[in-house]
Each structure stands twice: as structure tokens, then as C-alpha cells.
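> Structure supplied as data04.pdb; contents: PDB, C-alpha atoms.
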```
ATOM      1  CA  MET A  14      83.137  97.720  34.220  1.00  0.00           C
ATOM      2  CA  MET A  15      82.797  98.929  37.786  1.00  0.00           C
ATOM      3  CA  LYS A  16      79.904 101.220  38.604  1.00  0.00           C
ATOM      4  CA  ARG A  17      80.957 104.583  39.953  1.00  0.00           C
ATOM      5  CA  GLU A  18      79.114 105.942  42.958  1.00  0.00           C
ATOM      6  CA  VAL A  19      79.207 109.515  44.175  1.00  0.00           C
ATOM      7  CA  GLU A  20      78.471 110.719  47.672  1.00  0.00           C
ATOM      8  CA  ILE A  21      75.588 113.163  47.946  1.00  0.00           C
ATOM      9  CA  PRO A  22      76.945 116.312  49.593  1.00  0.00           C
ATOM     10  CA  GLU A  23      74.963 117.749  52.480  1.00  0.00           C
ATOM     11  CA  GLN A  24      73.988 120.859  50.500  1.00  0.00           C
ATOM     12  CA  LEU A  25      72.227 118.718  47.851  1.00  0.00           C
ATOM     13  CA  LYS A  26      70.151 116.531  50.144  1.00  0.00           C
ATOM     14  CA  HIS A  27      66.486 117.003  49.318  1.00  0.00           C
ATOM     15  CA  SER A  28      63.798 114.316  49.210  1.00  0.00           C
ATOM     16  CA  LEU A  29      62.448 115.354  45.795  1.00  0.00           C
ATOM     17  CA  PHE A  30      65.773 114.662  44.077  1.00  0.00           C
ATOM     18  CA  PHE A  31      67.589 112.126  46.234  1.00  0.00           C
ATOM     19  CA  SER A  32      66.388 109.308  48.468  1.00  0.00           C
ATOM     20  CA  GLU A  33      67.774 108.849  51.963  1.00  0.00           C
ATOM     21  CA  LYS A  34      70.823 107.083  50.524  1.00  0.00           C
ATOM     22  CA  GLU A  35      74.194 108.686  51.095  1.00  0.00           C
ATOM     23  CA  ARG A  36      75.457 107.789  47.631  1.00  0.00           C
ATOM     24  CA  VAL A  37      74.100 107.824  44.089  1.00  0.00           C
ATOM     25  CA  GLU A  38      75.148 105.787  41.078  1.00  0.00           C
ATOM     26  CA  TRP A  39      76.871 107.839  38.393  1.00  0.00           C
ATOM     27  CA  PRO A  40      75.367 107.256  34.910  1.00  0.00           C
ATOM     28  CA  ALA A  41      77.448 106.355  31.865  1.00  0.00           C
ATOM     29  CA  GLU A  42      76.310 109.592  30.222  1.00  0.00           C
ATOM     30  CA  ALA A  43      75.521 112.305  32.749  1.00  0.00           C
ATOM     31  CA  SER A  44      73.420 115.277  31.611  1.00  0.00           C
ATOM     32  CA  LEU A  45      71.648 118.255  33.129  1.00  0.00           C
ATOM     33  CA  SER A  46      68.246 116.831  32.311  1.00  0.00           C
ATOM     34  CA  SER A  47      68.444 113.334  33.760  1.00  0.00           C
ATOM     35  CA  ALA A  48      68.987 111.840  37.179  1.00  0.00           C
ATOM     36  CA  PRO A  49      71.115 112.287  39.097  1.00  0.00           C
ATOM     37  CA  PHE A  50      70.480 115.998  38.828  1.00  0.00           C
ATOM     38  CA  PHE A  51      73.033 118.681  39.673  1.00  0.00           C
ATOM     39  CA  ILE A  52      75.897 116.734  38.075  1.00  0.00           C
ATOM     40  CA  TYR A  53      78.427 119.538  38.413  1.00  0.00           C
ATOM     41  CA  GLU A  54      77.710 120.012  42.095  1.00  0.00           C
ATOM     42  CA  LEU A  55      77.828 116.231  42.644  1.00  0.00           C
ATOM     43  CA  SER A  56      81.024 115.570  40.733  1.00  0.00           C
ATOM     44  CA  GLY A  57      82.930 118.669  41.737  1.00  0.00           C
ATOM     45  CA  GLU A  58      84.187 118.772  38.132  1.00  0.00           C
ATOM     46  CA  GLY A  59      83.613 121.929  36.140  1.00  0.00           C
ATOM     47  CA  LYS A  60      81.867 124.899  37.707  1.00  0.00           C
ATOM     48  CA  PRO A  61      79.521 126.350  35.087  1.00  0.00           C
ATOM     49  CA  TRP A  62      78.128 128.858  37.587  1.00  0.00           C
ATOM     50  CA  LEU A  63      81.502 130.614  37.518  1.00  0.00           C
ATOM     51  CA  VAL A  64      81.564 130.994  33.717  1.00  0.00           C
ATOM     52  CA  GLU A  65      79.159 133.811  32.873  1.00  0.00           C
ATOM     53  CA  ASP A  66      76.881 132.317  30.208  1.00  0.00           C
ATOM     54  CA  LYS A  67      78.153 128.747  29.768  1.00  0.00           C
ATOM     55  CA  GLY A  68      75.909 127.101  32.354  1.00  0.00           C
ATOM     56  CA  LEU A  69      72.895 129.226  31.519  1.00  0.00           C
ATOM     57  CA  ASP A  70      73.178 128.333  27.821  1.00  0.00           C
ATOM     58  CA  MET A  71      73.279 124.615  28.675  1.00  0.00           C
ATOM     59  CA  ILE A  72      70.179 125.014  30.860  1.00  0.00           C
ATOM     60  CA  GLU A  73      68.345 126.940  28.137  1.00  0.00           C
ATOM     61  CA  LYS A  74      68.917 124.186  25.552  1.00  0.00           C
ATOM     62  CA  GLU A  75      67.604 121.506  27.909  1.00  0.00           C
ATOM     63  CA  TRP A  76      64.627 123.648  28.986  1.00  0.00           C
ATOM     64  CA  PHE A  77      63.605 124.333  25.383  1.00  0.00           C
ATOM     65  CA  LEU A  78      63.210 120.596  24.680  1.00  0.00           C
ATOM     66  CA  LEU A  79      61.668 119.765  28.048  1.00  0.00           C
ATOM     67  CA  LYS A  80      59.102 122.555  27.896  1.00  0.00           C
ATOM     68  CA  ALA A  81      57.709 121.236  24.606  1.00  0.00           C
ATOM     69  CA  GLU A  82      57.492 117.716  26.030  1.00  0.00           C
ATOM     70  CA  LEU A  83      55.688 118.882  29.184  1.00  0.00           C
ATOM     71  CA  GLU A  84      53.281 121.096  27.230  1.00  0.00           C
ATOM     72  CA  SER A  85      52.368 118.113  25.090  1.00  0.00           C
ATOM     73  CA  LYS A  86      51.885 115.790  28.074  1.00  0.00           C
ATOM     74  CA  PHE A  87      49.716 118.251  29.985  1.00  0.00           C
ATOM     75  CA  GLN A  88      47.656 118.971  26.852  1.00  0.00           C
ATOM     76  CA  ARG A  89      46.961 115.249  26.495  1.00  0.00           C
ATOM     77  CA  ARG A  90      46.212 115.060  30.240  1.00  0.00           C
ATOM     78  CA  ASP A  91      49.006 112.512  30.547  1.00  0.00           C
ATOM     79  CA  ARG A  92      49.688 112.182  34.271  1.00  0.00           C
ATOM     80  CA  ASP A  93      53.084 110.556  33.787  1.00  0.00           C
ATOM     81  CA  THR A  94      55.077 113.751  34.321  1.00  0.00           C
ATOM     82  CA  GLN A  95      57.172 112.936  37.407  1.00  0.00           C
ATOM     83  CA  VAL A  96      60.505 112.576  35.612  1.00  0.00           C
ATOM     84  CA  GLN A  97      59.976 115.661  33.441  1.00  0.00           C
ATOM     85  CA  MET A  98      58.729 117.823  36.328  1.00  0.00           C
ATOM     86  CA  LYS A  99      61.700 116.868  38.514  1.00  0.00           C
ATOM     87  CA  THR A 100      63.894 117.863  35.594  1.00  0.00           C
ATOM     88  CA  ALA A 101      62.053 121.182  35.125  1.00  0.00           C
ATOM     89  CA  ILE A 102      62.391 122.041  38.817  1.00  0.00           C
ATOM     90  CA  ALA A 103      66.068 121.053  38.799  1.00  0.00           C
ATOM     91  CA  LEU A 104      66.735 123.194  35.718  1.00  0.00           C
ATOM     92  CA  PHE A 105      65.055 126.199  37.319  1.00  0.00           C
ATOM     93  CA  LEU A 106      67.085 125.759  40.498  1.00  0.00           C
ATOM     94  CA  MET A 107      70.258 125.589  38.406  1.00  0.00           C
ATOM     95  CA  LYS A 108      69.247 128.757  36.553  1.00  0.00           C
ATOM     96  CA  LEU A 109      68.428 130.508  39.823  1.00  0.00           C
ATOM     97  CA  PHE A 110      71.671 129.631  41.611  1.00  0.00           C
ATOM     98  CA  TRP A 111      74.048 129.568  38.635  1.00  0.00           C
ATOM     99  CA  GLY A 112      72.689 132.918  37.456  1.00  0.00           C
ATOM    100  CA  ASN A 113      73.893 134.268  40.781  1.00  0.00           C
ATOM    101  CA  GLY A 114      77.319 132.655  40.360  1.00  0.00           C
ATOM    102  CA  GLN A 115      76.694 129.919  42.931  1.00  0.00           C
ATOM    103  CA  PRO A 116      76.243 126.149  42.958  1.00  0.00           C
ATOM    104  CA  VAL A 117      72.781 124.788  43.752  1.00  0.00           C
ATOM    105  CA  ARG A 118      72.063 124.403  47.477  1.00  0.00           C
ATOM    106  CA  LEU A 119      68.961 122.353  48.264  1.00  0.00           C
ATOM    107  CA  ASN A 120      69.421 121.784  51.969  1.00  0.00           C
ATOM    108  CA  GLY A 121      67.750 124.819  53.542  1.00  0.00           C
ATOM    109  CA  TRP A 122      66.998 126.084  50.037  1.00  0.00           C
ATOM    110  CA  ASP A 123      64.586 128.762  51.242  1.00  0.00           C
ATOM    111  CA  LYS A 124      67.260 130.493  53.351  1.00  0.00           C
ATOM    112  CA  GLN A 125      69.805 130.125  50.540  1.00  0.00           C
ATOM    113  CA  VAL A 126      67.464 131.622  47.929  1.00  0.00           C
ATOM    114  CA  LYS A 127      66.749 134.671  50.088  1.00  0.00           C
ATOM    115  CA  LYS A 128      70.479 135.520  49.945  1.00  0.00           C
ATOM    116  CA  LEU A 129      70.556 135.618  46.129  1.00  0.00           C
ATOM    117  CA  ASP A 130      70.751 138.993  44.385  1.00  0.00           C
ATOM    118  CA  VAL A 131      68.884 138.046  41.196  1.00  0.00           C
ATOM    119  CA  GLN A 132      65.576 136.272  41.806  1.00  0.00           C
ATOM    120  CA  PRO A 133      61.938 136.486  40.722  1.00  0.00           C
ATOM    121  CA  VAL A 134      59.371 138.126  43.001  1.00  0.00           C
ATOM    122  CA  ASN A 135      58.132 135.820  45.797  1.00  0.00           C
ATOM    123  CA  VAL A 136      60.357 133.012  44.549  1.00  0.00           C
ATOM    124  CA  THR A 137      60.534 131.242  47.938  1.00  0.00           C
ATOM    125  CA  ASP A 138      56.735 131.100  48.283  1.00  0.00           C
ATOM    126  CA  ARG A 139      56.341 129.999  44.694  1.00  0.00           C
ATOM    127  CA  LEU A 140      58.994 127.295  45.015  1.00  0.00           C
ATOM    128  CA  ALA A 141      57.401 126.096  48.263  1.00  0.00           C
ATOM    129  CA  PHE A 142      54.169 125.634  46.299  1.00  0.00           C
ATOM    130  CA  VAL A 143      56.018 123.721  43.574  1.00  0.00           C
ATOM    131  CA  PHE A 144      57.806 121.476  46.089  1.00  0.00           C
ATOM    132  CA  HIS A 145      54.478 120.742  47.791  1.00  0.00           C
ATOM    133  CA  ARG A 146      52.795 119.539  44.556  1.00  0.00           C
ATOM    134  CA  PRO A 147      55.707 118.983  42.157  1.00  0.00           C
ATOM    135  CA  TYR A 148      53.876 117.013  39.462  1.00  0.00           C
ATOM    136  CA  SER A 149      50.771 119.158  38.965  1.00  0.00           C
ATOM    137  CA  TYR A 150      49.986 121.341  35.975  1.00  0.00           C
ATOM    138  CA  HIS A 151      49.868 124.391  38.255  1.00  0.00           C
ATOM    139  CA  SER A 152      53.410 123.670  39.395  1.00  0.00           C
ATOM    140  CA  TYR A 153      54.518 123.376  35.794  1.00  0.00           C
ATOM    141  CA  ARG A 154      52.980 126.785  35.043  1.00  0.00           C
ATOM    142  CA  GLN A 155      54.742 128.237  38.059  1.00  0.00           C
ATOM    143  CA  VAL A 156      58.126 126.812  37.000  1.00  0.00           C
ATOM    144  CA  ARG A 157      57.579 128.054  33.440  1.00  0.00           C
ATOM    145  CA  GLU A 158      56.826 131.574  34.671  1.00  0.00           C
ATOM    146  CA  LEU A 159      59.766 131.505  37.084  1.00  0.00           C
ATOM    147  CA  MET A 160      62.055 130.556  34.176  1.00  0.00           C
ATOM    148  CA  ILE A 161      60.773 133.476  32.104  1.00  0.00           C
ATOM    149  CA  GLU A 162      61.132 135.945  34.972  1.00  0.00           C
ATOM    150  CA  GLN A 163      64.637 134.749  35.847  1.00  0.00           C
ATOM    151  CA  ASP A 164      65.649 135.085  32.175  1.00  0.00           C
ATOM    152  CA  LYS A 165      64.448 138.694  32.157  1.00  0.00           C
ATOM    153  CA  LEU A 166      66.238 139.512  35.411  1.00  0.00           C
ATOM    154  CA  LEU A 167      69.483 137.950  34.185  1.00  0.00           C
ATOM    155  CA  ALA A 168      69.218 139.874  30.901  1.00  0.00           C
ATOM    156  CA  LYS A 169      68.705 143.091  32.875  1.00  0.00           C
ATOM    157  CA  LYS A 170      71.728 142.279  35.042  1.00  0.00           C
ATOM    158  CA  ALA A 171      73.864 141.673  31.928  1.00  0.00           C
ATOM    159  CA  ALA A 172      72.664 144.929  30.333  1.00  0.00           C
ATOM    160  CA  MET A 173      73.467 146.895  33.484  1.00  0.00           C
ATOM    161  CA  LYS A 174      76.905 145.299  33.626  1.00  0.00           C
ATOM    162  CA  GLU A 175      77.587 146.326  30.005  1.00  0.00           C
ATOM    163  CA  LYS A 176      76.558 149.917  30.763  1.00  0.00           C
ATOM    164  CA  LYS A 177      79.240 150.276  33.417  1.00  0.00           C
TER     165      LYS A 177
END
```
Produce C-alpha cells that represent the structure in this file.


Amino acid sequence: MMKREVEIPEQLKHSLFFSEKERVEWPAEASLSSAPFFIYELSGEGKPWLVEDKGLDMIEKEWFLLKAELESKFQRRDRDTQVQMKTAIALFLMKLFWGNGQPVRLNGWDKQVKKLDVQPVNVTDRLAFVFHRPYSYHSYRQVRELMIEQDKLLAKKAAMKEKK
């Protein structure tokens, strides 16, 4: 069986998630919570950010499992959190962008995030902190809080939409 490779689009190039390579190997079973991250943006197939709750529900299921795993690792002072923290950061970025009806854009992410309507307070500064020390407990706490805040903001947006 021939291995399928996918080109990394310019908008997804970021050193935390992809090396300097132009292409990435496509896994047999792609998922939101394993590398390569941002499978929908990479493949161009399916656009969950355009379907109101579909993408957000998928993210929530993955986050629920991942959060428990990270809590356990940090409680045990297990420093082997790189894979899980990359996943947590990727899931938050998906929630942030998809919740605004857009695909994830990592290249120039700070400028892209500032254009989003629904976002937690000081999200660019907080994400800059997380990107600077992505595997620390403090970064995990920040991502966890960002997830909670984004959930609340998206719920508020949905409630306001229903009122109209």
C-alpha cells in the first residue's frame, strides 16, 4: 500500500505542529487528537467549521478525554506531556477558529486571531505564553481556562442567535 502524503498549506505552517518539511504523511486513521493535526484543513475534505455544532462537538469529545489524561500526568509530575500538550493546543485553536466559522490559520496566527469575533479576553497574549512554553503545567492551565472561556462565549453567541 502506497503512503499518502499531503502538502502543508502556507496557512498551517507553524514550528510547534509541523517541521520545515513541505509535506506530511497521512495516517491510516486520521483524528482530531493525533498528528498530523488540523486534518480537515490539511485534506480539504469536510469543513466542520461551516456546520454550526458538528466540529465543536467533535472537539469537545476529544478534549474531555485529553483533559483527564493531562490532569493525571501533571498530578504525577510526569514530564512526558509533549504529545498531549500539542493536542490540547491544537484542539483549542480548532475551537477558537471553528467557533468563528473559519478554518485554523497558524501562519501569522496572532493577526488572524485579532480578527475573530468570538474570543477570550487577552487570547493573543495568553496563546503567545503557551507557544513560548508549550509543555509546562502553567500552559496547560492556560489552555484549560481558554477552553472554558471559549465555551461560555460560544454558548452566549448561540443564545443571542436564538433570541433573534

> Starting from 8 Å padding per side, set up an axis-aligned box that covers all listed atoms of stretch 136-146 of chain A and hand over centre and edge lengths in Å, one decimal, as JSON.


```
{"center_x": 56.7, "center_y": 126.3, "center_z": 45.9, "size_x": 23.7, "size_y": 29.5, "size_z": 20.7}
```

> Could you list, as a VMD selection string, every residue matched by the PyMOL selection byres ((chain A and resi 95) around 12) in this structure?

chain A and resid 29 to 30 47 to 48 83 86 to 87 91 to 94 96 to 102 146 to 150 152 to 153

> Could you tell me which of A:Asp70, A:Glu20, A:Glu162, A:Glu35 comes closest to A:Gly57 if we count all atoms listed in the file?

A:Glu20

> I want to know what sits within 12 Å of A:Tyr53, based on all atoms listed in the file, with residues of the same chain fewer than 3 positions away left out; could you give that as a list in words?

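With the cut-off at 12 Å, the set is Val19, Ile21, Pro22, Leu25, Trp39, Ala43, Ser44, Leu45, Pro49, Phe50, Ser56, Gly57, Glu58, Gly59, Lys60, Pro61, Trp62, Leu63, Gly68, Met107, Trp111, Gln115, Pro116 and Val117 of chain A.
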
> With only C-alpha atoms as the atoms that count, which of A:Thr137, A:Asn113, A:Gln24, A:Asn120 lies nearest to A:Glu65?

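Closest residue, counting only C-alpha atoms: A:Asn113.
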
> Looking at A:Val64, A:Arg157, A:Leu167, A:Gly121, which one is nearest to A:Ala81, with distances taken over all atoms listed in the file?

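Checking each candidate against A:Ala81, we get A:Arg157 as the closest.
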
> Let me know the residues the PyMOL selection byres ((chain A and resi 127) around 12) catches in the file above, as a ChimeraX atom specification.

/A:109-110,113,118,121-126,128-138,140

> Could you name the residues that touch A:Leu104 at 10 Å or less, counting all atoms listed in the file, but leaving out those on the same chain fewer than 6 positions away, as a list in words?

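Close residues of A:Leu104: Leu45, Ser46, Phe50, Phe51, Leu69, Met71, Ile72, Glu73, Glu75, Trp76, Leu79, Met98, Val156 and Met160 of chain A.
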
> Rounded to one decimal in Å, what is the spacing between atom CA of A:Phe105 and atom CA of A:Arg17?

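These two atoms are separated by 27.0 Å.
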
> Report, in Å to a single decimal, how far apart atom CA of A:Lys165 and atom CA of A:Lys67 are.

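Straight-line distance from atom CA of A:Lys67 to atom CA of A:Lys165 works out to 17.1 Å.
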
> Which value, in Å to one decimal, gives the distance between atom CA of A:Glu18 and atom CA of A:Val37?

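Between atom CA of A:Glu18 and atom CA of A:Val37 the gap is 5.5 Å.
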
> Taking only C-alpha atoms into account, which of A:Glu38, A:Glu54, A:Gln155, A:Lys74 comes nearest A:Leu119?

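The closest residue to A:Leu119 is A:Glu54.
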
> Kindly reconstruct stretch 117-150 of chain A with N, CA and C atoms and present the result as a short mmCIF file (atom, residue, chain, number, x, y, z; two decimals), in the coordinates of the input.


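Final output, saved to result_29.cif:
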```cif
data_model
loop_
_atom_site.label_atom_id
_atom_site.label_comp_id
_atom_site.auth_asym_id
_atom_site.auth_seq_id
_atom_site.Cartn_x
_atom_site.Cartn_y
_atom_site.Cartn_z
N VAL A 117 74.10 125.04 43.17
CA VAL A 117 72.78 124.79 43.75
C VAL A 117 72.95 124.29 45.19
N ARG A 118 72.09 124.82 46.07
CA ARG A 118 72.06 124.40 47.48
C ARG A 118 70.62 124.08 47.83
N LEU A 119 70.33 122.80 48.00
CA LEU A 119 68.96 122.35 48.26
C LEU A 119 68.64 122.25 49.74
N ASN A 120 69.64 121.93 50.54
CA ASN A 120 69.42 121.78 51.97
C ASN A 120 69.24 123.18 52.56
N GLY A 121 68.05 123.46 53.06
CA GLY A 121 67.75 124.82 53.54
C GLY A 121 67.63 125.78 52.37
N TRP A 122 67.07 125.30 51.27
CA TRP A 122 67.00 126.08 50.04
C TRP A 122 66.33 127.44 50.23
N ASP A 123 65.31 127.50 51.08
CA ASP A 123 64.59 128.76 51.24
C ASP A 123 65.49 129.86 51.82
N LYS A 124 66.32 129.50 52.77
CA LYS A 124 67.26 130.49 53.35
C LYS A 124 68.34 130.86 52.33
N GLN A 125 68.77 129.88 51.55
CA GLN A 125 69.81 130.12 50.54
C GLN A 125 69.28 131.05 49.44
N VAL A 126 68.04 130.83 49.01
CA VAL A 126 67.46 131.62 47.93
C VAL A 126 67.31 133.08 48.36
N LYS A 127 66.94 133.29 49.61
CA LYS A 127 66.75 134.67 50.09
C LYS A 127 68.03 135.49 50.02
N LYS A 128 69.18 134.83 50.01
CA LYS A 128 70.48 135.52 49.94
C LYS A 128 70.88 135.90 48.53
N LEU A 129 70.18 135.38 47.53
CA LEU A 129 70.56 135.62 46.13
C LEU A 129 70.16 137.02 45.68
N ASP A 130 71.01 137.64 44.88
CA ASP A 130 70.75 138.99 44.38
C ASP A 130 69.70 139.02 43.28
N VAL A 131 69.78 138.06 42.35
CA VAL A 131 68.88 138.05 41.20
C VAL A 131 67.89 136.90 41.37
N GLN A 132 66.61 137.28 41.60
CA GLN A 132 65.58 136.27 41.81
C GLN A 132 64.20 136.86 41.50
N PRO A 133 63.30 136.01 40.99
CA PRO A 133 61.94 136.49 40.72
C PRO A 133 61.20 136.88 42.02
N VAL A 134 60.18 137.69 41.87
CA VAL A 134 59.37 138.13 43.00
C VAL A 134 58.73 136.91 43.68
N ASN A 135 58.75 136.89 44.99
CA ASN A 135 58.13 135.82 45.80
C ASN A 135 58.62 134.42 45.43
N VAL A 136 59.85 134.31 45.02
CA VAL A 136 60.36 133.01 44.55
C VAL A 136 60.31 131.94 45.64
N THR A 137 60.55 132.28 46.89
CA THR A 137 60.53 131.24 47.94
C THR A 137 59.12 130.70 48.13
N ASP A 138 58.12 131.57 48.14
CA ASP A 138 56.74 131.10 48.28
C ASP A 138 56.32 130.26 47.08
N ARG A 139 56.72 130.70 45.91
CA ARG A 139 56.34 130.00 44.69
C ARG A 139 57.03 128.64 44.61
N LEU A 140 58.29 128.59 45.01
CA LEU A 140 58.99 127.30 45.02
C LEU A 140 58.43 126.37 46.09
N ALA A 141 58.02 126.92 47.21
CA ALA A 141 57.40 126.10 48.26
C ALA A 141 56.15 125.43 47.71
N PHE A 142 55.37 126.18 46.95
CA PHE A 142 54.17 125.63 46.30
C PHE A 142 54.55 124.50 45.35
N VAL A 143 55.57 124.72 44.55
CA VAL A 143 56.02 123.72 43.57
C VAL A 143 56.52 122.46 44.29
N PHE A 144 57.30 122.63 45.35
CA PHE A 144 57.81 121.48 46.09
C PHE A 144 56.67 120.70 46.77
N HIS A 145 55.61 121.40 47.13
CA HIS A 145 54.48 120.74 47.79
C HIS A 145 53.70 119.86 46.82
N ARG A 146 53.53 120.31 45.58
CA ARG A 146 52.80 119.54 44.56
C ARG A 146 53.62 119.54 43.26
N PRO A 147 54.75 118.86 43.26
CA PRO A 147 55.71 118.98 42.16
C PRO A 147 55.25 118.47 40.80
N TYR A 148 54.24 117.62 40.74
CA TYR A 148 53.88 117.01 39.46
C TYR A 148 52.59 117.58 38.86
N SER A 149 52.04 118.61 39.45
CA SER A 149 50.77 119.16 38.97
C SER A 149 51.00 120.15 37.82
N TYR A 150 49.94 120.37 37.07
CA TYR A 150 49.99 121.34 35.98
C TYR A 150 50.26 122.74 36.52
#
```
